[in-house]
>>> print(open('run.cif').read())   # mmCIF, C-alpha atoms
data_start
loop_
_atom_site.label_atom_id
_atom_site.label_comp_id
_atom_site.auth_asym_id
_atom_site.auth_seq_id
_atom_site.Cartn_x
_atom_site.Cartn_y
_atom_site.Cartn_z
CA MET A 20 86.71 81.01 138.80
CA LYS A 21 89.56 81.10 136.30
CA GLU A 22 88.62 77.65 135.07
CA ILE A 23 85.01 78.68 134.48
CA LEU A 24 86.15 81.72 132.45
CA CYS A 25 88.66 79.66 130.43
CA ASN A 26 86.06 77.04 129.51
CA SER A 27 83.20 79.46 128.93
CA ALA A 28 81.85 79.69 125.39
CA TYR A 29 80.37 83.15 126.07
CA PHE A 30 83.00 84.96 128.16
CA GLY A 31 85.05 86.15 125.16
CA VAL A 32 82.11 87.58 123.21
CA THR A 33 80.61 89.15 126.33
CA VAL A 34 83.78 90.87 127.46
CA SER A 35 84.42 92.14 123.90
CA LEU A 36 80.92 93.61 123.62
CA ILE A 37 81.10 95.18 127.09
CA GLY A 38 84.41 96.78 126.11
CA TYR A 39 82.91 98.10 122.89
CA GLY A 40 79.82 99.38 124.68
CA ALA A 41 81.98 101.16 127.24
CA GLY A 42 83.96 102.68 124.35
CA ILE A 43 80.80 104.03 122.71
CA MET A 44 79.61 105.49 126.02
CA LEU A 45 82.94 107.22 126.68
CA LYS A 46 83.03 108.57 123.12
CA LYS A 47 79.48 109.97 123.43
CA LYS A 48 80.26 111.58 126.77
CA PHE A 49 83.63 113.18 125.99
CA LYS A 50 83.75 113.40 122.16
CA TYR A 51 87.56 113.20 121.81
CA ALA A 52 88.79 111.51 118.63
CA PHE A 53 91.29 109.36 120.53
CA LEU A 54 88.40 107.89 122.57
CA ASN A 55 87.82 105.46 119.73
CA PRO A 56 85.39 102.65 120.75
CA LEU A 57 87.45 100.00 118.95
CA LEU A 58 90.71 101.14 120.55
CA ILE A 59 89.11 101.32 123.99
CA SER A 60 87.56 97.86 123.66
CA ILE A 61 90.90 96.33 122.58
CA ILE A 62 92.68 97.82 125.61
CA PHE A 63 89.78 96.83 127.87
CA VAL A 64 89.73 93.21 126.69
CA ILE A 65 93.52 92.85 126.95
CA GLY A 66 93.30 94.23 130.49
CA VAL A 67 90.45 91.93 131.54
CA VAL A 68 91.99 88.84 129.95
CA MET A 69 95.32 89.49 131.66
CA LEU A 70 93.78 90.37 135.04
CA CYS A 71 91.64 87.21 135.06
CA GLY A 72 94.64 85.13 134.01
CA VAL A 73 92.78 83.79 130.96
CA ASP A 74 95.18 82.80 128.17
CA TYR A 75 94.59 84.08 124.65
CA GLU A 76 93.60 80.66 123.28
CA SER A 77 90.74 80.36 125.79
CA TYR A 78 89.57 83.90 125.07
CA GLU A 79 89.82 83.32 121.32
CA ASN A 80 87.90 80.04 121.60
CA SER A 81 84.79 81.89 122.66
CA ALA A 82 85.44 85.22 120.92
CA GLN A 83 85.89 83.50 117.54
CA TYR A 84 82.13 83.68 116.98
CA LEU A 85 82.58 87.43 116.68
CA SER A 86 85.36 87.03 114.08
CA TYR A 87 83.27 84.37 112.34
CA LEU A 88 80.85 87.08 111.18
CA LEU A 89 83.63 89.11 109.59
CA THR A 90 83.59 87.22 106.27
CA PRO A 91 79.80 87.54 105.67
CA ALA A 92 79.98 91.17 106.84
CA THR A 93 82.71 91.89 104.27
CA VAL A 94 80.55 90.23 101.59
CA CYS A 95 77.75 92.64 102.60
CA LEU A 96 79.99 95.63 101.78
CA ALA A 97 78.82 94.95 98.21
CA VAL A 98 75.42 96.40 99.21
CA PRO A 99 76.50 100.03 99.91
CA LEU A 100 78.81 99.75 96.91
CA TYR A 101 75.90 98.69 94.68
CA GLN A 102 73.79 101.57 95.97
CA GLN A 103 76.50 104.07 94.97
CA MET A 104 77.11 102.49 91.55
CA THR A 105 76.04 105.54 89.53
CA LEU A 106 78.35 107.77 91.55
CA LEU A 107 81.17 105.27 91.12
CA LYS A 108 80.73 105.11 87.34
CA LYS A 109 80.68 108.90 87.13
CA ASN A 110 83.92 109.21 89.07
CA LEU A 111 85.70 106.15 87.75
CA ALA A 112 88.89 108.04 86.79
CA ALA A 113 89.23 109.67 90.22
CA VAL A 114 88.58 106.36 91.99
CA ALA A 115 91.11 104.44 89.88
CA CYS A 116 93.82 107.12 90.14
CA GLY A 117 93.29 107.54 93.88
CA ILE A 118 93.56 103.86 94.74
CA LEU A 119 96.50 103.25 92.38
CA ALA A 120 98.40 106.25 93.79
CA GLY A 121 97.66 105.04 97.32
CA VAL A 122 98.92 101.50 96.67
CA LEU A 123 102.12 102.83 95.08
CA ALA A 124 102.56 105.29 97.97
CA SER A 125 102.20 102.44 100.46
CA LEU A 126 104.71 100.13 98.77
CA GLY A 127 107.10 103.01 97.99
CA SER A 128 107.09 104.48 101.49
CA VAL A 129 107.62 101.06 103.11
CA LEU A 130 110.56 100.51 100.72
CA LEU A 131 112.12 103.89 101.53
CA LEU A 132 111.69 103.58 105.29
CA ALA A 133 112.90 99.96 105.36
CA PHE A 134 116.03 101.19 103.58
CA LEU A 135 116.47 104.10 106.02
CA PHE A 136 116.05 101.83 109.06
CA GLY A 137 118.30 99.18 107.50
CA LEU A 138 115.69 96.44 108.03
CA GLU A 139 116.29 92.82 107.07
CA HIS A 140 114.65 91.65 103.84
CA ASP A 141 112.20 89.39 105.69
CA VAL A 142 111.01 92.29 107.88
CA TYR A 143 110.65 94.47 104.77
CA VAL A 144 108.39 91.99 102.98
CA THR A 145 106.50 91.48 106.25
CA LEU A 146 105.56 95.16 106.16
CA LEU A 147 104.77 95.44 102.42
CA PRO A 148 101.11 94.29 102.67
CA LYS A 149 100.43 96.37 105.83
CA SER A 150 97.63 98.49 104.36
CA ILE A 151 95.45 95.73 102.94
CA THR A 152 92.87 93.44 104.48
CA THR A 153 94.24 90.72 106.79
CA ALA A 154 93.26 87.70 104.72
CA ILE A 155 95.00 88.96 101.55
CA GLY A 156 97.92 90.42 103.49
CA MET A 157 98.68 87.10 105.18
CA GLY A 158 98.82 85.34 101.81
CA VAL A 159 101.13 88.00 100.33
CA SER A 160 103.48 87.94 103.34
CA GLU A 161 103.65 84.16 103.29
CA GLU A 162 104.38 84.01 99.58
CA LEU A 163 107.22 86.57 99.86
CA GLY A 164 108.80 84.83 102.86
CA GLY A 165 107.66 87.33 105.51
CA LEU A 166 106.81 86.77 109.18
CA VAL A 167 103.07 86.14 108.89
CA THR A 168 102.09 86.68 112.55
CA ILE A 169 103.87 90.06 112.56
CA THR A 170 102.15 90.99 109.27
CA VAL A 171 98.78 90.32 110.93
CA ALA A 172 99.76 92.45 113.94
CA VAL A 173 100.95 95.32 111.73
CA ILE A 174 97.80 95.16 109.58
CA ILE A 175 95.63 95.38 112.70
CA VAL A 176 97.67 98.29 114.11
CA THR A 177 97.48 100.07 110.73
CA GLY A 178 93.70 99.63 110.70
CA VAL A 179 93.26 100.92 114.22
CA ILE A 180 95.51 103.94 113.53
CA GLY A 181 93.51 104.72 110.38
CA ASN A 182 90.22 104.32 112.24
CA VAL A 183 91.36 106.62 115.07
CA ILE A 184 93.04 109.43 113.08
CA GLY A 185 91.13 109.18 109.77
CA GLU A 186 88.79 112.09 110.38
CA ALA A 187 91.56 114.34 111.72
CA VAL A 188 93.90 113.60 108.79
CA CYS A 189 91.16 114.34 106.24
CA LYS A 190 90.44 117.64 107.96
CA LEU A 191 94.11 118.60 108.32
CA PHE A 192 94.97 117.88 104.68
CA ARG A 193 91.69 119.34 103.41
CA ILE A 194 90.32 116.12 101.93
CA TYR A 195 86.64 117.05 101.96
CA GLU A 196 85.05 115.27 98.97
CA PRO A 197 83.16 112.24 100.40
CA ILE A 198 84.49 110.04 97.58
CA ALA A 199 88.10 111.02 98.31
CA LYS A 200 87.63 110.54 102.07
CA GLY A 201 86.25 107.04 101.62
CA LEU A 202 89.00 106.00 99.22
CA ALA A 203 91.66 107.40 101.57
CA LEU A 204 90.36 105.38 104.52
CA GLY A 205 89.85 102.13 102.63
CA THR A 206 93.17 102.24 100.78
CA SER A 207 95.25 103.14 103.85
CA SER A 208 93.54 101.09 106.53
CA HIS A 209 91.35 98.42 104.89
CA ALA A 210 88.22 97.10 106.69
CA ILE A 211 88.94 98.70 110.08
CA GLY A 212 89.26 102.10 108.38
CA THR A 213 86.11 101.29 106.41
CA ALA A 214 84.21 100.85 109.68
CA LYS A 215 85.02 104.53 110.33
CA ALA A 216 84.17 105.53 106.75
CA LEU A 217 80.73 103.91 107.13
CA GLU A 218 80.15 106.11 110.18
CA MET A 219 81.13 109.21 108.18
CA GLY A 220 78.53 108.62 105.47
CA GLU A 221 77.05 106.36 102.81
CA VAL A 222 79.32 107.54 100.00
CA GLU A 223 82.43 107.34 102.20
CA GLY A 224 81.50 103.81 103.26
CA ALA A 225 80.84 102.59 99.72
CA MET A 226 84.09 104.02 98.33
CA SER A 227 86.07 102.62 101.26
CA SER A 228 84.54 99.17 100.68
CA LEU A 229 85.56 99.32 97.04
CA ALA A 230 89.08 100.41 97.99
CA ILE A 231 89.54 97.33 100.23
CA ALA A 232 89.00 94.98 97.29
CA VAL A 233 90.84 96.98 94.62
CA ALA A 234 93.82 97.99 96.80
CA GLY A 235 94.08 94.40 98.06
CA LEU A 236 94.24 92.96 94.56
CA LEU A 237 96.67 95.65 93.29
CA THR A 238 98.94 95.01 96.28
CA VAL A 239 99.11 91.28 95.49
CA ILE A 240 100.73 92.22 92.17
CA GLY A 241 102.64 95.29 93.39
CA ALA A 242 104.18 93.66 96.48
CA SER A 243 105.74 90.84 94.47
CA VAL A 244 107.42 93.45 92.23
CA PHE A 245 108.53 95.65 95.17
CA ALA A 246 109.90 92.63 97.06
CA GLY A 247 112.70 92.49 94.49
CA PHE A 248 113.77 96.12 95.08
CA TYR A 249 115.38 95.66 98.51
CA MET B 27 61.37 85.06 109.03
CA LYS B 28 62.45 87.84 106.69
CA LEU B 29 65.75 88.37 108.51
CA LEU B 30 66.56 84.67 108.53
CA TYR B 31 65.88 84.47 104.78
CA GLN B 32 68.16 87.45 104.14
CA PHE B 33 70.85 86.03 106.40
CA GLY B 34 70.57 82.73 104.53
CA ILE B 35 71.25 84.41 101.17
CA ILE B 36 74.27 86.24 102.58
CA MET B 37 75.62 83.01 104.06
CA PHE B 38 75.12 81.21 100.76
CA VAL B 39 77.07 83.88 98.83
CA THR B 40 79.79 83.71 101.51
CA PHE B 41 79.91 79.95 101.06
CA LEU B 42 80.26 80.35 97.28
CA GLY B 43 83.16 82.77 97.96
CA GLU B 44 84.78 80.17 100.19
CA PHE B 45 84.26 77.59 97.47
CA LEU B 46 86.03 79.80 94.88
CA HIS B 47 88.85 80.47 97.35
CA CYS B 48 89.46 76.73 97.67
CA LEU B 49 89.22 76.21 93.91
CA ILE B 50 91.49 79.05 92.69
CA PRO B 51 95.12 78.98 93.90
CA LEU B 52 95.52 82.76 94.45
CA PRO B 53 96.08 84.63 97.74
CA ILE B 54 92.57 86.12 97.50
CA PRO B 55 90.33 85.45 100.50
CA ALA B 56 86.78 84.09 100.45
CA SER B 57 85.44 87.47 101.59
CA ILE B 58 86.67 89.28 98.45
CA TYR B 59 85.27 86.60 96.12
CA GLY B 60 82.02 86.81 98.08
CA LEU B 61 81.94 90.61 97.83
CA LEU B 62 82.44 90.45 94.05
CA LEU B 63 79.80 87.70 93.71
CA MET B 64 77.30 89.70 95.79
CA LEU B 65 77.97 92.79 93.68
CA ALA B 66 77.54 90.80 90.46
CA GLY B 67 74.34 89.25 91.84
CA LEU B 68 72.89 92.67 92.69
CA MET B 69 73.86 94.22 89.37
CA THR B 70 72.37 91.39 87.32
CA LYS B 71 69.27 91.48 89.59
CA VAL B 72 69.71 87.77 90.41
CA ILE B 73 69.71 89.04 93.99
CA LYS B 74 67.31 91.91 94.64
CA LEU B 75 68.40 94.65 97.02
CA GLU B 76 65.42 94.14 99.33
CA GLN B 77 66.29 90.43 99.63
CA VAL B 78 69.48 91.21 101.56
CA LYS B 79 69.29 94.86 102.64
CA ILE B 80 68.14 94.60 106.28
CA ALA B 81 70.52 91.78 107.28
CA ALA B 82 73.39 93.36 105.32
CA ASP B 83 72.93 96.74 107.01
CA PHE B 84 72.87 95.02 110.39
CA LEU B 85 76.04 93.01 109.74
CA ILE B 86 77.85 96.11 108.48
CA GLU B 87 76.73 98.11 111.49
CA ILE B 88 78.12 95.60 113.98
CA MET B 89 81.38 95.17 112.04
CA PRO B 90 83.84 97.11 114.27
CA PRO B 91 83.67 94.77 117.30
CA MET B 92 84.42 91.82 115.00
CA PHE B 93 88.03 93.06 114.86
CA ILE B 94 88.54 92.88 118.64
CA PRO B 95 89.61 89.19 118.85
CA ALA B 96 92.30 89.60 116.16
CA ALA B 97 93.61 92.77 117.80
CA VAL B 98 93.72 91.13 121.24
CA GLY B 99 95.92 88.52 119.52
CA LEU B 100 98.66 91.16 119.73
CA ILE B 101 99.41 89.84 123.23
CA VAL B 102 100.57 86.58 121.63
CA THR B 103 102.63 88.25 118.87
CA TRP B 104 104.09 90.71 121.37
CA SER B 105 107.20 88.64 122.17
CA ASP B 106 108.18 88.50 118.44
CA LEU B 107 107.24 92.10 117.83
CA LYS B 108 109.17 93.56 120.79
CA ALA B 109 112.59 93.26 119.10
CA ILE B 110 111.59 95.32 116.04
CA LEU B 111 108.93 97.42 117.72
CA VAL B 112 110.39 100.91 117.20
CA PRO B 113 111.08 100.78 113.43
CA VAL B 114 107.87 98.84 112.78
CA LEU B 115 105.74 101.28 114.77
CA VAL B 116 107.36 104.36 113.18
CA ILE B 117 106.98 102.91 109.66
CA THR B 118 103.36 101.90 110.36
CA CYS B 119 102.35 105.35 111.61
CA ILE B 120 104.12 107.33 108.87
CA THR B 121 103.00 105.16 105.95
CA THR B 122 99.37 105.00 107.13
CA VAL B 123 99.05 108.78 107.18
CA PHE B 124 101.04 109.11 103.94
CA VAL B 125 98.85 106.62 102.03
CA MET B 126 95.69 108.30 103.35
CA VAL B 127 96.82 111.74 102.18
CA VAL B 128 98.13 110.58 98.78
CA THR B 129 94.96 108.58 98.01
CA GLY B 130 92.55 111.30 99.15
CA ARG B 131 94.37 114.21 97.52
CA THR B 132 94.88 112.33 94.22
CA ALA B 133 91.22 111.34 93.98
CA GLN B 134 90.14 114.87 94.86
CA ALA B 135 92.54 116.44 92.35
CA VAL B 136 91.25 114.23 89.52
CA MET B 137 87.64 115.07 90.44
CA HIS B 138 88.35 118.81 90.39
CA LEU B 139 90.36 118.54 87.17
CA LYS B 140 87.35 116.94 85.48
CA GLU B 141 85.01 119.58 86.86
CA ASN B 142 87.29 122.39 85.65
CA MET B 143 87.52 120.86 82.19
CA ALA B 144 83.75 120.56 82.03
CA ALA B 145 83.37 124.18 83.15
CA GLN B 146 85.82 125.39 80.48
CA LYS B 147 83.93 123.49 77.83
CA MET B 148 80.74 125.21 78.93
CA GLU B 149 82.42 128.61 78.73
CA LYS B 150 83.65 127.96 75.20
CA GLN B 151 80.18 126.97 74.11
CA ASP B 152 78.84 130.23 75.52
#
>>> encode(input="run.cif", output="structure tokens")
Amino acid sequence: MKEILCNSAYFGVTVSLIGYGAGIMLKKKFKYAFLNPLLISIIFVIGVVMLCGVDYESYENSAQYLSYLLTPATVCLAVPLYQQMTLLKKNLAAVACGILAGVLASLGSVLLLAFLFGLEHDVYVTLLPKSITTAIGMGVSEELGGLVTITVAVIIVTGVIGNVIGEAVCKLFRIYEPIAKGLALGTSSHAIGTAKALEMGEVEGAMSSLAIAVAGLLTVIGASVFAGFY
Amino acid sequence: MKLLYQFGIIMFVTFLGEFLHCLIPLPIPASIYGLLLMLAGLMTKVIKLEQVKIAADFLIEIMPPMFIPAAVGLIVTWSDLKAILVPVLVITCITTVFVMVVTGRTAQAVMHLKENMAAQKMEKQD
């Protein structure tokens, strides 16, 4: 049985989709924010993979077809962005200030907390690109001498946190303008936060998509400067 | 056939993004080049919205589960992460909320500032 699952080309995708489907059902039924479909599916898949004794490589071998679509899907984020172009042009100053402030807040708060916790330099630079999309973050971490696998883990955790608490944080801190909500999600928690922003609305989704690209590029420059501070 | 045609265009733009990523020695992934190329294509009308819209909406809609495999990868990183788990988790939680609030409030403040200035201008004209 274990051998069949390990060699299957469809087990990984199937179990991931079942987990996600179960997450959506639970969310619909109980409507708690912490019943986040993505979070539930991650826990579900980890549980199933461990219970069946399937190692991560075997799971990943078949689940990679799901990740494969991530690059074309990210390219498609240009579509909602294009549809909101007039709105973007009208609010260019707010968009630019918001993303820039967010990137500086990210780098600055990581610097401060790394100092407070007395972290090693390599752990500090590992955390610097935590709010940006995985592919850029990995490159930044590698260039600065960080621990790339940990950077990936932290980026994923950041995204999931943003996806789960995004709506609550916006409500709590009275961020109600759709543009501001989208920028907040995209700048703080990249593509995984954007998945939530797209659920919130068209404007939120478009602004969040834009924030992934702009915050990612600004962090490439900003992180190399901040790496020298600690 | 319409969907396949649309999917083909998206894949081609993705491929061009990958091509640029290999050509330019910067830590910018293929997906960002592709996003910028797609946006440029749409704005210059080289690609028409209805040539990609249905497939693009579909791909965006099914995006969240695409993150599951990477997140499940945490079970492999776990042994390295365990030693620094507490500071890393605390820093991750605090900074994520902090960045969200700073970004959202800044953008909102600038929007309202502009609106107020516009309203004042109107008043003066009256």
>>> residues_around(input="run.cif", residues="segment 27-39 of chain B", least_positions_apart="4", cutoff="12 Å", atoms="all atoms listed in the file", output="PyMOL selection string")
(chain A and resi 87-98) or (chain B and resi 43-46+56-68+72-85)
>>> interface_residues(input="run.cif", of="chain B", to="chain A", cutoff="6 Å", atoms="only C-alpha atoms", output="number ranges by chain")
B: 40, 53-55, 57, 60-61, 64-65, 82, 85-86, 90, 92, 94, 98, 122, 125-126, 128-130, 132-134, 136-137
>>> atom_distance(input="run.cif", atom1="atom CA of Ala97 of chain B", atom2="atom CA of Pro148 of chain A")
17.0 Å
>>> atom_distance(input="run.cif", atom1="atom CA of Pro91 of chain B", atom2="atom CA of Leu107 of chain A")
28.3 Å
>>> atom_distance(input="run.cif", atom1="atom CA of Val114 of chain B", atom2="atom CA of Val144 of chain A")
12.0 Å
>>> decode(input="run.cif", residues="segment 38-50 of chain B", atoms="all heavy atoms", output="compact mmCIF listing (two decimals), in the first residue's frame")
# COMPACT_ATOMS: atom_id res chain seq x y z
N PHE B 38 2.84 30.94 -23.05
CA PHE B 38 3.87 31.57 -23.87
C PHE B 38 4.48 32.78 -23.14
O PHE B 38 5.70 32.95 -23.10
CB PHE B 38 3.29 32.01 -25.23
CG PHE B 38 4.31 32.66 -26.13
CD1 PHE B 38 5.41 31.93 -26.59
CD2 PHE B 38 4.19 33.99 -26.49
CE1 PHE B 38 6.35 32.52 -27.41
CE2 PHE B 38 5.14 34.59 -27.31
CZ PHE B 38 6.22 33.86 -27.77
N VAL B 39 3.62 33.60 -22.52
CA VAL B 39 4.12 34.76 -21.77
C VAL B 39 4.96 34.28 -20.57
O VAL B 39 6.01 34.85 -20.27
CB VAL B 39 2.96 35.66 -21.29
CG1 VAL B 39 3.47 36.80 -20.43
CG2 VAL B 39 2.19 36.21 -22.48
N THR B 40 4.51 33.19 -19.93
CA THR B 40 5.27 32.61 -18.82
C THR B 40 6.65 32.16 -19.29
O THR B 40 7.67 32.38 -18.63
CB THR B 40 4.51 31.42 -18.20
OG1 THR B 40 3.18 31.82 -17.91
CG2 THR B 40 5.18 30.94 -16.93
N PHE B 41 6.65 31.54 -20.47
CA PHE B 41 7.92 31.08 -21.04
C PHE B 41 8.85 32.26 -21.33
O PHE B 41 10.05 32.21 -21.03
CB PHE B 41 7.66 30.27 -22.33
CG PHE B 41 8.88 30.07 -23.17
CD1 PHE B 41 9.91 29.25 -22.72
CD2 PHE B 41 9.02 30.72 -24.38
CE1 PHE B 41 11.06 29.08 -23.49
CE2 PHE B 41 10.16 30.55 -25.15
CZ PHE B 41 11.18 29.73 -24.70
N LEU B 42 8.29 33.35 -21.87
CA LEU B 42 9.11 34.54 -22.13
C LEU B 42 9.69 35.08 -20.82
O LEU B 42 10.84 35.52 -20.77
CB LEU B 42 8.27 35.63 -22.81
CG LEU B 42 7.90 35.39 -24.28
CD1 LEU B 42 7.06 36.56 -24.80
CD2 LEU B 42 9.15 35.22 -25.13
N GLY B 43 8.87 35.02 -19.73
CA GLY B 43 9.35 35.45 -18.42
C GLY B 43 10.51 34.60 -17.96
O GLY B 43 11.52 35.10 -17.44
N GLU B 44 10.39 33.29 -18.18
CA GLU B 44 11.45 32.35 -17.81
C GLU B 44 12.72 32.65 -18.61
O GLU B 44 13.83 32.62 -18.09
CB GLU B 44 10.95 30.94 -18.13
CG GLU B 44 11.75 29.83 -17.53
CD GLU B 44 11.22 28.47 -17.98
OE1 GLU B 44 10.72 28.37 -19.13
OE2 GLU B 44 11.30 27.53 -17.20
N PHE B 45 12.51 32.98 -19.87
CA PHE B 45 13.61 33.30 -20.77
C PHE B 45 14.37 34.53 -20.24
O PHE B 45 15.60 34.53 -20.14
CB PHE B 45 13.03 33.56 -22.16
CG PHE B 45 14.06 33.67 -23.24
CD1 PHE B 45 14.75 32.55 -23.67
CD2 PHE B 45 14.32 34.90 -23.83
CE1 PHE B 45 15.70 32.65 -24.67
CE2 PHE B 45 15.27 35.01 -24.84
CZ PHE B 45 15.96 33.88 -25.26
N LEU B 46 13.63 35.58 -19.86
CA LEU B 46 14.25 36.79 -19.33
C LEU B 46 14.99 36.50 -18.03
O LEU B 46 16.08 37.02 -17.79
CB LEU B 46 13.18 37.86 -19.06
CG LEU B 46 12.65 38.64 -20.27
CD1 LEU B 46 11.64 39.68 -19.82
CD2 LEU B 46 13.80 39.33 -21.00
N HIS B 47 14.38 35.64 -17.19
CA HIS B 47 14.99 35.28 -15.92
C HIS B 47 16.36 34.62 -16.14
O HIS B 47 17.31 34.86 -15.38
CB HIS B 47 14.06 34.34 -15.14
CG HIS B 47 14.70 33.72 -13.95
ND1 HIS B 47 14.97 34.44 -12.81
CD2 HIS B 47 15.14 32.45 -13.72
CE1 HIS B 47 15.55 33.62 -11.93
NE2 HIS B 47 15.66 32.43 -12.45
N CYS B 48 16.46 33.80 -17.18
CA CYS B 48 17.73 33.14 -17.47
C CYS B 48 18.74 34.11 -18.06
O CYS B 48 19.95 33.97 -17.88
CB CYS B 48 17.51 31.99 -18.47
SG CYS B 48 16.55 30.65 -17.79
N LEU B 49 18.22 35.12 -18.77
CA LEU B 49 19.08 36.05 -19.49
C LEU B 49 19.67 37.13 -18.57
O LEU B 49 20.83 37.52 -18.70
CB LEU B 49 18.26 36.72 -20.60
CG LEU B 49 18.90 36.89 -21.97
CD1 LEU B 49 19.33 35.53 -22.52
CD2 LEU B 49 17.93 37.56 -22.93
N ILE B 50 18.82 37.61 -17.62
CA ILE B 50 19.23 38.75 -16.77
C ILE B 50 19.67 38.24 -15.41
O ILE B 50 18.92 37.56 -14.72
CB ILE B 50 18.04 39.74 -16.61
CG1 ILE B 50 17.51 40.15 -18.00
CG2 ILE B 50 18.47 40.96 -15.82
CD1 ILE B 50 16.20 40.89 -17.96
